[in-house]
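Structure file query37.tsv with TSV, C-alpha atoms:
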chain	number	residue	atom	x	y	z
A	11	MET	CA	141.56	122.94	96.70
A	12	MET	CA	144.30	125.28	95.52
A	13	TYR	CA	147.76	124.22	94.37
A	14	ASN	CA	150.66	126.35	93.23
A	15	PHE	CA	153.49	124.08	92.15
A	16	ALA	CA	156.64	123.94	90.11
A	17	PHE	CA	157.71	120.85	92.04
A	18	ASN	CA	160.24	118.17	91.36
A	19	ALA	CA	158.77	114.86	90.22
A	20	ALA	CA	158.85	113.29	93.67
A	21	ALA	CA	156.96	116.14	95.32
A	22	ALA	CA	154.43	116.16	92.51
A	23	GLN	CA	153.50	112.56	93.35
A	24	LEU	CA	152.67	113.57	96.91
A	25	PHE	CA	150.43	116.44	95.96
A	26	LEU	CA	148.70	114.46	93.23
A	27	ALA	CA	147.83	111.98	95.95
A	28	LEU	CA	146.55	114.79	98.16
A	29	SER	CA	144.36	116.19	95.41
A	30	ALA	CA	142.85	112.74	94.91
A	31	VAL	CA	141.90	112.11	98.53
A	32	GLY	CA	141.16	115.66	99.69
A	33	THR	CA	142.00	116.56	103.27
A	34	PRO	CA	142.47	113.33	105.23
A	35	THR	CA	140.13	112.57	108.11
A	36	THR	CA	143.03	111.33	110.21
A	37	ALA	CA	146.80	111.44	110.10
A	38	ALA	CA	146.74	107.74	109.23
A	39	ASP	CA	144.68	108.55	106.14
A	40	PHE	CA	147.19	111.18	105.12
A	41	ILE	CA	150.14	108.85	105.62
A	42	GLY	CA	148.26	106.18	103.70
A	43	SER	CA	147.72	108.57	100.81
A	44	ILE	CA	151.46	109.10	100.60
A	45	ALA	CA	152.08	105.36	100.64
A	46	LYS	CA	149.60	104.85	97.79
A	47	ALA	CA	151.21	107.49	95.58
A	48	PRO	CA	153.02	105.94	92.61
A	49	PRO	CA	156.81	106.04	92.86
A	50	PRO	CA	158.42	108.99	91.08
A	51	ALA	CA	159.50	108.09	87.56
A	52	ASN	CA	162.67	109.21	85.81
A	53	VAL	CA	163.86	111.31	88.71
A	54	ASP	CA	167.42	112.54	88.37
A	55	ARG	CA	168.94	111.38	91.65
A	56	ARG	CA	171.30	114.36	91.58
A	57	LEU	CA	168.25	116.58	92.12
A	58	GLN	CA	167.51	114.71	95.32
A	59	GLN	CA	170.71	115.88	97.02
A	60	ALA	CA	170.40	118.94	99.21
A	61	GLU	CA	172.98	121.63	98.58
A	62	CYS	CA	171.87	123.71	101.55
A	63	VAL	CA	169.18	123.88	104.23
A	64	CYS	CA	167.72	127.32	104.88
A	65	SER	CA	164.43	126.19	106.44
A	66	PRO	CA	163.87	127.08	110.11
A	67	ARG	CA	165.07	124.83	112.87
A	68	ALA	CA	161.93	125.61	114.89
A	69	TYR	CA	158.64	127.39	114.34
A	70	THR	CA	155.93	129.07	116.37
A	71	PHE	CA	152.67	129.19	114.45
A	72	LYS	CA	149.62	131.32	115.21
A	73	LEU	CA	146.09	130.50	114.13
A	74	MET	CA	144.87	133.36	111.95
A	75	PHE	CA	141.10	133.55	112.07
A	76	VAL	CA	139.44	136.45	110.32
A	77	PHE	CA	135.77	136.79	111.11
A	78	ASP	CA	135.89	133.81	113.48
A	79	PHE	CA	137.83	131.29	111.42
A	80	ASP	CA	136.65	132.60	108.05
A	81	GLN	CA	140.12	132.55	106.53
A	82	THR	CA	140.64	131.31	102.99
A	83	CYS	CA	143.60	130.07	101.00
A	84	ASP	CA	143.72	133.37	99.14
A	85	VAL	CA	146.05	134.50	101.94
A	86	ASN	CA	149.43	133.00	101.02
A	87	THR	CA	152.65	134.95	101.37
A	88	ILE	CA	154.84	131.83	101.28
A	89	ASP	CA	154.16	130.80	97.69
A	90	GLY	CA	156.43	132.33	95.06
A	91	LYS	CA	159.41	132.99	97.29
A	92	PRO	CA	162.84	132.09	95.88
A	93	GLY	CA	163.42	129.57	98.67
A	94	ILE	CA	160.04	127.88	98.16
A	95	VAL	CA	159.29	125.36	95.41
A	96	GLY	CA	155.51	125.38	95.90
A	97	THR	CA	152.64	125.37	98.35
A	98	SER	CA	149.35	123.58	98.96
A	99	CYS	CA	146.33	124.86	100.88
A	100	GLN	CA	143.00	123.18	101.58
A	101	PRO	CA	140.55	125.43	103.47
A	102	PRO	CA	138.01	123.90	105.84
A	103	ALA	CA	134.74	122.91	104.17
A	104	LEU	CA	132.81	124.25	107.16
A	105	THR	CA	133.67	127.09	109.51
A	106	PRO	CA	135.38	125.68	112.62
A	107	VAL	CA	135.03	127.24	116.03
A	108	VAL	CA	137.90	125.30	117.60
A	109	ILE	CA	140.95	123.33	116.49
A	110	ASP	CA	141.27	120.18	118.60
A	111	SER	CA	144.75	119.20	117.44
A	112	VAL	CA	147.40	119.83	114.81
A	113	GLN	CA	149.37	117.09	113.07
A	114	ILE	CA	152.74	118.16	111.64
A	115	LEU	CA	154.62	115.96	109.19
A	116	GLU	CA	158.01	116.42	107.53
A	117	LEU	CA	159.10	114.56	104.42
A	118	ASN	CA	162.34	114.34	102.54
A	119	ARG	CA	162.62	114.75	98.77
A	120	ASP	CA	161.93	111.05	98.27
A	121	LEU	CA	158.56	111.55	100.04
A	122	GLN	CA	159.72	109.50	102.99
A	123	MET	CA	158.20	110.74	106.22
A	124	ILE	CA	161.04	111.63	108.55
A	125	ALA	CA	159.06	113.22	111.39
A	126	GLN	CA	155.54	113.51	112.72
A	127	LYS	CA	154.10	115.17	115.79
A	128	LEU	CA	150.56	115.52	117.10
A	129	ILE	CA	150.05	118.74	119.04
A	130	PRO	CA	146.93	118.58	121.23
A	131	GLY	CA	144.64	121.58	121.60
A	132	PRO	CA	142.16	122.95	121.96
A	133	PHE	CA	143.16	126.07	120.02
A	134	ILE	CA	141.05	129.11	119.27
A	135	LYS	CA	141.63	132.44	117.54
A	136	GLU	CA	145.23	133.70	117.81
A	137	ASP	CA	146.41	130.73	119.88
A	138	LYS	CA	149.98	129.61	119.19
A	139	PHE	CA	151.80	126.29	119.00
A	140	SER	CA	155.45	125.44	118.43
A	141	TYR	CA	157.30	122.76	116.50
A	142	THR	CA	160.97	121.82	116.31
A	143	SER	CA	162.02	120.62	112.86
A	144	VAL	CA	164.22	117.69	111.97
A	145	SER	CA	166.60	120.30	110.61
A	146	ALA	CA	167.49	121.20	114.20
A	147	GLN	CA	169.32	117.86	114.38
A	148	LEU	CA	171.56	118.53	111.39
A	149	THR	CA	175.24	118.62	112.21
A	150	PRO	CA	178.07	120.20	110.19
A	151	ASP	CA	180.21	117.23	111.19
A	152	GLU	CA	178.51	115.03	108.58
A	153	PRO	CA	177.68	115.57	104.88
A	154	LEU	CA	174.08	116.57	104.21
A	155	VAL	CA	173.67	113.56	101.94
A	156	ASP	CA	174.11	111.32	105.01
A	157	GLN	CA	171.54	113.17	107.12
A	158	GLU	CA	167.75	113.49	107.22
A	159	VAL	CA	166.95	116.74	105.42
A	160	PRO	CA	163.33	117.98	105.48
A	161	SER	CA	161.97	119.12	102.14
A	162	ILE	CA	158.21	119.30	102.71
A	163	ILE	CA	156.32	120.36	105.83
A	164	VAL	CA	152.61	119.57	106.21
A	165	LEU	CA	150.21	120.91	108.84
A	166	ILE	CA	146.86	119.15	109.21
A	167	LEU	CA	144.38	120.90	111.48
A	168	TYR	CA	141.55	118.89	113.06
A	169	GLY	CA	138.68	120.99	114.31
A	170	ARG	CA	134.93	121.19	114.85
A	171	ASN	CA	132.25	123.61	113.77
A	172	VAL	CA	129.55	125.05	116.03
A	173	ALA	CA	127.48	121.87	115.64
A	174	GLY	CA	130.39	119.65	116.65
A	175	ILE	CA	130.92	118.30	113.12
A	176	PRO	CA	134.60	117.48	112.38
A	177	VAL	CA	136.26	120.06	110.14
A	178	ASN	CA	139.77	119.58	108.77
A	179	SER	CA	142.19	121.87	106.97
A	180	GLN	CA	145.66	121.31	105.49
A	181	VAL	CA	148.55	123.53	104.43
A	182	SER	CA	151.97	122.49	103.20
A	183	TRP	CA	154.97	123.80	101.36
A	184	GLU	CA	158.21	122.53	99.87
A	185	TYR	CA	161.60	124.12	100.42
A	186	ASN	CA	164.11	124.65	97.64
A	187	LEU	CA	167.17	122.74	98.81
A	188	THR	CA	169.34	124.19	96.06
A	189	ASN	CA	168.59	127.86	96.79
A	190	CYS	CA	171.22	129.00	99.26
A	191	ASP	CA	170.78	132.74	98.80
A	192	ASP	CA	167.39	133.33	100.41
A	193	GLU	CA	165.80	132.72	103.78
A	194	PRO	CA	162.50	131.08	102.77
A	195	ILE	CA	160.33	131.77	105.84
A	196	MET	CA	159.94	135.03	107.72
A	197	THR	CA	157.93	136.15	110.74
A	198	GLY	CA	154.49	137.24	109.58
A	199	ASP	CA	154.28	134.84	106.64
A	200	LYS	CA	150.77	133.47	106.18
A	201	ILE	CA	149.11	130.57	104.40
A	202	GLY	CA	145.44	129.81	104.95
A	203	ILE	CA	144.70	130.02	108.66
A	204	ILE	CA	148.37	129.66	109.66
A	205	GLU	CA	150.73	132.55	110.41
A	206	VAL	CA	154.43	132.22	111.24
A	207	ASP	CA	154.64	134.04	114.57
A	208	ASN	CA	158.30	133.29	115.24
A	209	TYR	CA	161.05	130.94	114.11
A	210	GLU	CA	164.62	129.88	114.74
A	211	THR	CA	166.84	130.39	111.73
A	212	ALA	CA	168.66	127.58	110.00
A	213	ASN	CA	172.15	126.59	111.04
A	214	PRO	CA	174.45	129.09	109.28
A	215	ALA	CA	176.75	126.16	108.48
A	216	PHE	CA	174.10	124.97	106.01
A	217	CYS	CA	172.63	128.30	104.87
A	218	PRO	CA	174.93	131.03	103.55
A	219	ALA	CA	171.91	133.35	103.28
A	220	ILE	CA	171.70	133.80	107.05
A	221	ALA	CA	175.40	133.64	107.86
A	222	THR	CA	175.51	137.42	108.24
A	223	ASP	CA	171.90	138.02	109.31
A	224	PRO	CA	171.03	138.80	112.95
A	225	PRO	CA	169.74	135.71	114.79
A	226	THR	CA	166.04	135.15	115.36
A	227	SER	CA	165.01	134.08	118.85
A	228	THR	CA	164.05	130.46	119.47
A	229	PRO	CA	160.28	129.89	119.75
A	230	SER	CA	159.17	129.41	123.32
Mind converting the file's structure to structure tokens?
Amino acid sequence: MMYNFAFNAAAAQLFLALSAVGTPTTAADFIGSIAKAPPPANVDRRLQQAECVCSPRAYTFKLMFVFDFDQTCDVNTIDGKPGIVGTSCQPPALTPVVIDSVQILELNRDLQMIAQKLIPGPFIKEDKFSYTSVSAQLTPDEPLVDQEVPSIIVLILYGRNVAGIPVNSQVSWEYNLTNCDDEPIMTGDKIGIIEVDNYETANPAFCPAIATDPPTSTPS
């Protein structure tokens, strides 16, 4: 398992839990691993407040399978960006031939799960699936501190290999909610077997970085 982090204390607790349990067999296992993580200690509550939200309001992801699903976590163009705090990638232990479903979770900076969605497959090479983020519900009529702001997005892929044995993979990343100068995700970004095929930009009211950028079409 590969981790590239410079996370805040709360996020570190989540990924320490992930490293301990590996890729969960089910979404319930994953959620349970979050619940079992020790509470963050000595966290400056001021760091928990979002100053801006530049993450996409919606995504279309494409499954990137090189040599029939032989894609490793060495492919990661999301990590290291100014708008990204860190990433996590767990490649499948066996080579899948199909992805049966994708579980997407969003968490806030307190590691509270604020959204989850199960997207049924089956999916094969270059298939696409879309997801609308909690950030699409943000309104400029209320302070960010009073709204649900996503900080971490997790994609858990449940598949099978040629023998029908379950094969899981997980990728995740954390957004920098204090970096208002950079759009963190772009079309063509890749992590593991996931590629960002399209996205809807953040609400310009919350992200000065895109206030003057041309709009990106909403994923279909």
Counting only C-alpha atoms, the residue of A:Leu73, A:Asp110, A:Thr87, A:Ala215 that sits nearest Asp151 in chain A: A:Ala215
Sorted by chain and rising residue number, which residues of range 82-176 of chain A lie within 6 Å of range 198-214 of chain A, and what are their closest atom pairs and distances in Å to one decimal, counting only C-alpha atoms, as JSON lines?
{"residue": "A:Thr82", "atom": "CA", "partner": "A:Gly202", "partner_atom": "CA", "distance": 5.4}
{"residue": "A:Cys83", "atom": "CA", "partner": "A:Gly202", "partner_atom": "CA", "distance": 4.4}
{"residue": "A:Val85", "atom": "CA", "partner": "A:Ile201", "partner_atom": "CA", "distance": 5.6}
{"residue": "A:Asn86", "atom": "CA", "partner": "A:Ile201", "partner_atom": "CA", "distance": 4.2}
{"residue": "A:Thr87", "atom": "CA", "partner": "A:Lys200", "partner_atom": "CA", "distance": 5.4}
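You can rank A:Pro66, A:Gly131, A:Pro194, A:Pro150 by their closest distance to Leu167 in chain A using all atoms listed in the file, and at the top of that list sits A:Gly131.
Across the model, the gap from CA of Glu136 in chain A to CA of Arg67 in chain A is 22.3 Å.
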Quick one: residues within 6 Å of range 183-188 of chain A, all atoms listed in the file counted, chain neighbours fewer than 4 positions away excluded, as a PyMOL selection string? chain A and resi 60-63+93-97+161-163
Write to file, as a PDB file, keeping the file's coordinate frame, the residues of the selection just made, with C-alpha atoms.
ATOM      1  CA  ALA A  60     170.400 118.940  99.210  1.00  0.00           C
ATOM      2  CA  GLU A  61     172.980 121.630  98.580  1.00  0.00           C
ATOM      3  CA  CYS A  62     171.870 123.710 101.550  1.00  0.00           C
ATOM      4  CA  VAL A  63     169.180 123.880 104.230  1.00  0.00           C
ATOM      5  CA  GLY A  93     163.420 129.570  98.670  1.00  0.00           C
ATOM      6  CA  ILE A  94     160.040 127.880  98.160  1.00  0.00           C
ATOM      7  CA  VAL A  95     159.290 125.360  95.410  1.00  0.00           C
ATOM      8  CA  GLY A  96     155.510 125.380  95.900  1.00  0.00           C
ATOM      9  CA  THR A  97     152.640 125.370  98.350  1.00  0.00           C
ATOM     10  CA  SER A 161     161.970 119.120 102.140  1.00  0.00           C
ATOM     11  CA  ILE A 162     158.210 119.300 102.710  1.00  0.00           C
ATOM     12  CA  ILE A 163     156.320 120.360 105.830  1.00  0.00           C
TER      13      ILE A 163
END
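We find CA of Pro102 in chain A and CA of Gln180 in chain A to be spaced 8.1 Å apart.
As for CA of Asn189 in chain A and CA of Ile220 in chain A, they are spaced 12.3 Å apart.
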